[in-house]
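Report on one structure; see the data block that follows.
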Amino acid sequence: MTPAELSEALRAVLTAAVADGSLPLDPAAVPADVVVERPRSREHGDWATNVAMQLAKKAGMAPRAFAEVLAARLADVPGVASVAIAGPGFLNITLDVAAAGELARTVVEAGAGFGRGTALAGERINLEFVSANPTGPIHIGGVRWAAVGDSLARMLQACGADVVREYYFNDHGSQIDRFARSLLARARGQEAPEGGYGGQYIADIADSVLERVRAAGEPDPLTLSDDEAQEVFRAHGVELMFGEIKAKLHDFRVDFDVYFHEDSLHESGAVERAVTRLRELGHVYEADGATWLRTTEFGDDKDRVILKSDGQAAYIAGDLAYYLDKRERGFDRAIIMLGADHHGYIGRMMAMCSAFGDTPWVNLEILIGQMVNLVKDGEPVRMSKRAGTIVTLDDLVDAVGVDAARYSLARSSADSMIDLDLDLLTRATNENPVFYVQYAHARTRNVARNAADLGVRREDGFDPSLLDHVSESTLLAKIGEFGRVVLQAAELREPHRVARYLEELAGAYHKWYDQKRFVIPKGDEDVADVHRTRLWLNDATGTVLANGLDLLGVSAPERM
RNA sequence: GCCCCCGUAGCUCAGUGGAUAGAGCAUCGGACUUCUAAUCCGCAGGUCGCAGGUUCGAAUCCUGCCGGGGGCGCCA
């Protein structure tokens, strides 16, 4: 019996009690999803619910009396061994050993599908993350969003949502001009211009641009005028940088469905259309030679310029058009992941959302993640794009590998700052929890191989009543939590919950393993149902570990 | 000045109103003649930053302080 099935049984019992008048409660007050949780202490049974405490007041009853009604009926549900009322009104439920053990078969048979659901089916979500400027390699901050964003996308999809991963490519505006000027200067052997970019990658790209141009038989940009030469470096440089970013992200197991070019919004007239729309809605005015959006009407601290007095579109104009474009493409929700240094955008973005007639935090959601700091020799590392002292996605992956990098960035709440200690990471092996989880998976595979060698085959028998050891019921219960953890991680946009869960699951598995309760026969023992049944549990654990690691984009090794 | 995030074991952090607040690392003491010791068992470690409030119940919600980080452009 899975916790989801128990939850459903509880709801049925509750509904029945309300229907026959045993509980004076409005049927509408019965929750669609009765929460079933693992009690903190093992002595309190397999599962617990606080539903009686939550609903007692609405029914005008004492929580314990409310619980009594449910307990009596719940005890008759097949698979439920006992029900106890504890404390202020908890219902503590213990399952039949066999009913609990059935879960092992459920999981193995579901395979990669175990943990997937349909709770978010029908939601069309546009998830935008990374969106780093194509003026340099992806630095450490962007890597965090790559890991967290992609994992979140996987979890949303596991819950049935229709997700598009999107990268907003800022190929318009003065940053790009500076990038192009920096390339040109470098190619001419000059110093980087004021506010420009430095670093080895600028030299590499400048060289690559020259190679490309020469190979294509185009005129040498060094013989062209400043404007023409800069345009050559801009066009080729951006393309090269972009190709590099895409490739690095791909190696990091992050592939976007859409790379959206900011420039296209300006080229296509989408920006003008967005401004016109807002003007028609009456939220735009002219002042000081510029065009403003009255965002204060929707809670922003000040109105925002959308068209500058020099006639150029302000950066936010692109955002207006971009948001509108996403909505016109049919997304119910546009989720944008931003760094803490952009938190000030929330007010104006939500105001913009309202100005279009949409609902903030429903149609538009902004997730703010805190910074990643680097520490070396106990000192914070100052990064500068201009000086080229940045730590890139590549540097991190070279140091610790994709698995450890993704895992260590995704296992913390995005609300917490992360200090990555380079000295630790470069030598880190045991200190990284990813190995603990991966090792548990490798162990399940090893056990399965050994069992196969000794002729233990799952299909020859399964007797869940034999999974009666405390380490087995603990492991089963942990396995049963997986679905809810994934859904919670997706709904709360907190993928780190899956990583934390996997660490707990791995711990429960390692403990079971070390109970010396052999999956394979000892010595000259014959193969029996106990071995086969334990193999089901072993394989079920391996399945959940693999499914969970996949949601984090981390490999599940067969052996380590 | 205003806004956002954080403050929990020596360190790094989990814990979106529930029961005796948890894990990893580090320290200390144990466990491999049979499936992987990258593991497990045990000991120790806490005024959940401080003070109020809300209620059956607060690490969690509200208010105010203190400390750390980030942000408040006709830059992008």
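By convention here, the chains of the structure tokens are called A, B, ... in the order presented, each chain's residues are numbered starting at 1, and ligands are numbered starting at 1 in the order presented.
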
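Here is the contact set of chain B against chain A, at 9 Å and counting only C-alpha atoms (C1' of nucleotides): C3, C4, C5, C6, C13, A14, U16, G18, A19, U20, A23, G24, C25, U34, C35, U36, A38, U39, C40, C56, G57, G69, G70, G71, C72, C74, C75 and A76 of chain B.
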
(request) Taking the chain letters and numbering used in this document, name the residues of region 59-302 of chain A that DSSP puts in helix (DSSP H, G or I), as a PyMOL selection string. (result) chain A and resi 59+63-74+97-113+140-158+174-187+200-215+221-223+226-251+262-267+270-280+295-298

(message) What's around C28 (chain B) at 12 Å? Count only C-alpha atoms (C1' of nucleotides), leave out sequence neighbours fewer than 6 positions away in its own chain, and write the answer as number ranges by chain.
(response) B: 42-45

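Across A:Ala75, A:Ala203, A:Ala506, A:Ala489, the tightest approach to Gln190 (chain A) is made by A:Ala203 when counting only C-alpha atoms.
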
(request) Have a look at CA of Ala452 (chain A) and CA of Asp524 (chain A) and let me know their distance in Å, one decimal. (result) 15.9 Å

(request) as a list in words, list the residues of region 362-439 of chain A assigned to strand (DSSP E or B) by DSSP on the backbone atoms of this structure. (result) Leu364, Glu365, Ile366, Leu367, Ile368, Gly369, Val372, Asn373, Leu374, Val375, Lys376, Glu379, Pro380, Ser384, Thr389, Thr392, Ile418, Asp419, Leu420 and Asp421 of chain A

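When only C-alpha atoms are used to measure the gap to Arg294 (chain A), the shortest distance among A:Ser264, A:Thr15, A:Ser555, A:Ser354 belongs to A:Ser354.
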
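Minimum distance to U54 (chain B) across B:G17, B:G10, B:G30, B:G1 (counting only C-alpha atoms (C1' of nucleotides)) occurs at B:G17.
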
(message) Could you list, as a VMD selection string, every residue within 7 Å of region 462-474 of chain A, counting only C-alpha atoms (C1' of nucleotides) and ignoring same-chain residues fewer than 5 positions away?
(response) chain A and resid 97 to 98 101 to 102 508 511 to 512 529 to 530 532 to 533

Please dump the current selection as a PDB file, in the first residue's frame; keep all heavy atoms.
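Result written to result37.pdb:
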ATOM      1  N   VAL A  97       2.270  -5.878   7.524  1.00  0.00           N
ATOM      2  CA  VAL A  97       3.599  -5.998   6.939  1.00  0.00           C
ATOM      3  C   VAL A  97       3.490  -6.271   5.440  1.00  0.00           C
ATOM      4  O   VAL A  97       4.184  -5.678   4.620  1.00  0.00           O
ATOM      5  CB  VAL A  97       4.391  -7.117   7.644  1.00  0.00           C
ATOM      6  CG1 VAL A  97       5.661  -7.444   6.866  1.00  0.00           C
ATOM      7  CG2 VAL A  97       4.749  -6.687   9.061  1.00  0.00           C
ATOM      8  N   ALA A  98       2.577  -7.168   5.088  1.00  0.00           N
ATOM      9  CA  ALA A  98       2.449  -7.528   3.681  1.00  0.00           C
ATOM     10  C   ALA A  98       1.939  -6.362   2.845  1.00  0.00           C
ATOM     11  O   ALA A  98       2.398  -6.135   1.731  1.00  0.00           O
ATOM     12  CB  ALA A  98       1.530  -8.736   3.535  1.00  0.00           C
ATOM     13  N   GLY A 101       4.739  -4.079   2.297  1.00  0.00           N
ATOM     14  CA  GLY A 101       5.745  -4.658   1.428  1.00  0.00           C
ATOM     15  C   GLY A 101       5.339  -4.692  -0.039  1.00  0.00           C
ATOM     16  O   GLY A 101       6.183  -4.724  -0.930  1.00  0.00           O
ATOM     17  N   GLU A 102       4.047  -4.672  -0.298  1.00  0.00           N
ATOM     18  CA  GLU A 102       3.552  -4.666  -1.672  1.00  0.00           C
ATOM     19  C   GLU A 102       4.190  -3.538  -2.479  1.00  0.00           C
ATOM     20  O   GLU A 102       4.336  -3.611  -3.690  1.00  0.00           O
ATOM     21  CB  GLU A 102       2.029  -4.492  -1.698  1.00  0.00           C
ATOM     22  CG  GLU A 102       1.262  -5.779  -1.658  1.00  0.00           C
ATOM     23  CD  GLU A 102       1.556  -6.695  -2.845  1.00  0.00           C
ATOM     24  OE1 GLU A 102       1.855  -6.187  -3.941  1.00  0.00           O
ATOM     25  OE2 GLU A 102       1.510  -7.915  -2.655  1.00  0.00           O
ATOM     26  N   ALA A 508      18.700   4.991   4.508  1.00  0.00           N
ATOM     27  CA  ALA A 508      17.832   3.881   4.912  1.00  0.00           C
ATOM     28  C   ALA A 508      18.272   2.590   4.225  1.00  0.00           C
ATOM     29  O   ALA A 508      18.231   1.504   4.819  1.00  0.00           O
ATOM     30  CB  ALA A 508      16.373   4.196   4.564  1.00  0.00           C
ATOM     31  N   LYS A 511      21.569   1.245   5.762  1.00  0.00           N
ATOM     32  CA  LYS A 511      21.295   0.634   7.069  1.00  0.00           C
ATOM     33  C   LYS A 511      20.735  -0.774   6.882  1.00  0.00           C
ATOM     34  O   LYS A 511      21.131  -1.706   7.568  1.00  0.00           O
ATOM     35  CB  LYS A 511      20.298   1.492   7.860  1.00  0.00           C
ATOM     36  CG  LYS A 511      20.911   2.720   8.507  1.00  0.00           C
ATOM     37  CD  LYS A 511      19.863   3.422   9.369  1.00  0.00           C
ATOM     38  CE  LYS A 511      20.468   4.591  10.131  1.00  0.00           C
ATOM     39  NZ  LYS A 511      20.858   5.715   9.258  1.00  0.00           N
ATOM     40  N   TRP A 512      19.804  -0.887   5.966  1.00  0.00           N
ATOM     41  CA  TRP A 512      19.201  -2.195   5.700  1.00  0.00           C
ATOM     42  C   TRP A 512      20.283  -3.182   5.259  1.00  0.00           C
ATOM     43  O   TRP A 512      20.375  -4.303   5.754  1.00  0.00           O
ATOM     44  CB  TRP A 512      18.133  -2.050   4.612  1.00  0.00           C
ATOM     45  CG  TRP A 512      17.512  -3.350   4.189  1.00  0.00           C
ATOM     46  CD1 TRP A 512      16.868  -4.235   4.989  1.00  0.00           C
ATOM     47  CD2 TRP A 512      17.504  -3.904   2.872  1.00  0.00           C
ATOM     48  NE1 TRP A 512      16.435  -5.314   4.248  1.00  0.00           N
ATOM     49  CE2 TRP A 512      16.816  -5.137   2.935  1.00  0.00           C
ATOM     50  CE3 TRP A 512      17.981  -3.477   1.633  1.00  0.00           C
ATOM     51  CZ2 TRP A 512      16.606  -5.948   1.824  1.00  0.00           C
ATOM     52  CZ3 TRP A 512      17.773  -4.287   0.518  1.00  0.00           C
ATOM     53  CH2 TRP A 512      17.093  -5.507   0.621  1.00  0.00           C
ATOM     54  N   ASP A 529      12.079 -17.775  -0.840  1.00  0.00           N
ATOM     55  CA  ASP A 529      11.293 -16.562  -1.079  1.00  0.00           C
ATOM     56  C   ASP A 529      11.854 -15.348  -0.357  1.00  0.00           C
ATOM     57  O   ASP A 529      11.715 -14.225  -0.818  1.00  0.00           O
ATOM     58  CB  ASP A 529       9.841 -16.785  -0.651  1.00  0.00           C
ATOM     59  CG  ASP A 529       9.005 -17.356  -1.797  1.00  0.00           C
ATOM     60  OD1 ASP A 529       9.555 -17.486  -2.919  1.00  0.00           O
ATOM     61  OD2 ASP A 529       7.821 -17.678  -1.578  1.00  0.00           O
ATOM     62  N   VAL A 530      12.477 -15.592   0.795  1.00  0.00           N
ATOM     63  CA  VAL A 530      13.002 -14.449   1.532  1.00  0.00           C
ATOM     64  C   VAL A 530      14.064 -13.727   0.706  1.00  0.00           C
ATOM     65  O   VAL A 530      14.156 -12.512   0.702  1.00  0.00           O
ATOM     66  CB  VAL A 530      13.545 -14.879   2.917  1.00  0.00           C
ATOM     67  CG1 VAL A 530      14.803 -15.742   2.770  1.00  0.00           C
ATOM     68  CG2 VAL A 530      13.810 -13.663   3.786  1.00  0.00           C
ATOM     69  N   ARG A 532      14.283 -13.810  -2.636  1.00  0.00           N
ATOM     70  CA  ARG A 532      13.634 -13.196  -3.801  1.00  0.00           C
ATOM     71  C   ARG A 532      12.910 -11.911  -3.396  1.00  0.00           C
ATOM     72  O   ARG A 532      12.957 -10.907  -4.093  1.00  0.00           O
ATOM     73  CB  ARG A 532      12.625 -14.169  -4.411  1.00  0.00           C
ATOM     74  CG  ARG A 532      13.265 -15.481  -4.852  1.00  0.00           C
ATOM     75  CD  ARG A 532      12.274 -16.426  -5.485  1.00  0.00           C
ATOM     76  NE  ARG A 532      12.906 -17.719  -5.730  1.00  0.00           N
ATOM     77  CZ  ARG A 532      12.641 -18.830  -5.036  1.00  0.00           C
ATOM     78  NH1 ARG A 532      11.736 -18.829  -4.074  1.00  0.00           N
ATOM     79  NH2 ARG A 532      13.287 -19.952  -5.303  1.00  0.00           N
ATOM     80  N   THR A 533      12.253 -11.978  -2.238  1.00  0.00           N
ATOM     81  CA  THR A 533      11.489 -10.813  -1.806  1.00  0.00           C
ATOM     82  C   THR A 533      12.414  -9.644  -1.476  1.00  0.00           C
ATOM     83  O   THR A 533      12.134  -8.496  -1.798  1.00  0.00           O
ATOM     84  CB  THR A 533      10.630 -11.180  -0.582  1.00  0.00           C
ATOM     85  OG1 THR A 533       9.810 -12.292  -0.936  1.00  0.00           O
ATOM     86  CG2 THR A 533       9.765 -10.010  -0.164  1.00  0.00           C
TER      87      THR A 533
END

(message) Report as a PyMOL selection string all protein, DNA and RNA residues lying within 9 Å of Val35 (chain A), evaluated on only C-alpha atoms (C1' of nucleotides), omitting residues in the same chain fewer than 2 positions from it.
(response) chain A and resi 4+7+31+33+37+48-51

Save out the residues we just selected, N, CA and C atoms, as an mmCIF file, in the first residue's frame.
data_model
loop_
_atom_site.group_PDB
_atom_site.id
_atom_site.type_symbol
_atom_site.label_atom_id
_atom_site.label_comp_id
_atom_site.auth_asym_id
_atom_site.auth_seq_id
_atom_site.Cartn_x
_atom_site.Cartn_y
_atom_site.Cartn_z
ATOM 1 N N ALA A 4 -0.041 7.157 -1.044
ATOM 2 C CA ALA A 4 -1.081 7.789 -1.864
ATOM 3 C C ALA A 4 -2.387 6.992 -1.751
ATOM 4 N N SER A 7 -3.807 7.650 1.640
ATOM 5 C CA SER A 7 -4.404 8.977 1.647
ATOM 6 C C SER A 7 -5.798 8.934 1.033
ATOM 7 N N PRO A 31 -10.749 17.782 2.486
ATOM 8 C CA PRO A 31 -9.660 18.141 1.573
ATOM 9 C C PRO A 31 -9.533 17.142 0.429
ATOM 10 N N ASP A 33 -6.899 16.253 -0.929
ATOM 11 C CA ASP A 33 -5.723 15.423 -0.714
ATOM 12 C C ASP A 33 -5.431 15.392 0.782
ATOM 13 N N GLU A 37 1.776 11.564 6.480
ATOM 14 C CA GLU A 37 3.213 11.764 6.650
ATOM 15 C C GLU A 37 3.835 10.678 7.496
ATOM 16 N N ALA A 48 1.134 8.819 9.675
ATOM 17 C CA ALA A 48 0.320 9.625 10.573
ATOM 18 C C ALA A 48 -0.372 10.727 9.789
ATOM 19 N N THR A 49 -1.504 11.154 10.316
ATOM 20 C CA THR A 49 -2.178 12.300 9.703
ATOM 21 C C THR A 49 -2.707 13.212 10.799
ATOM 22 N N ASN A 50 -2.693 14.495 10.513
ATOM 23 C CA ASN A 50 -3.205 15.468 11.480
ATOM 24 C C ASN A 50 -4.556 16.007 11.023
ATOM 25 N N VAL A 51 -5.193 15.261 10.125
ATOM 26 C CA VAL A 51 -6.431 15.764 9.528
ATOM 27 C C VAL A 51 -7.520 16.016 10.572
#

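Atom pair CA of Val485 (chain A) / CA of Arg144 (chain A): separated by 21.3 Å.
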
Would you pick out the contacts of G52 (chain B) at 12 Å or less, using only C-alpha atoms (C1' of nucleotides), so that residues sharing its chain but fewer than 2 positions from it are not included, and give the list as a compact mmCIF listing (two decimals) with C-alpha atoms (C1' of nucleotides), in the first residue's frame?
# COMPACT_ATOMS: atom_id res chain seq x y z
C1' C B 50 17.09 38.76 20.55
C1' U B 54 -1.15 35.32 17.17
C1' C B 62 2.96 38.73 12.44
C1' U B 63 5.64 43.21 14.57
C1' G B 64 10.15 45.46 16.27
C1' C B 65 15.31 45.16 17.04
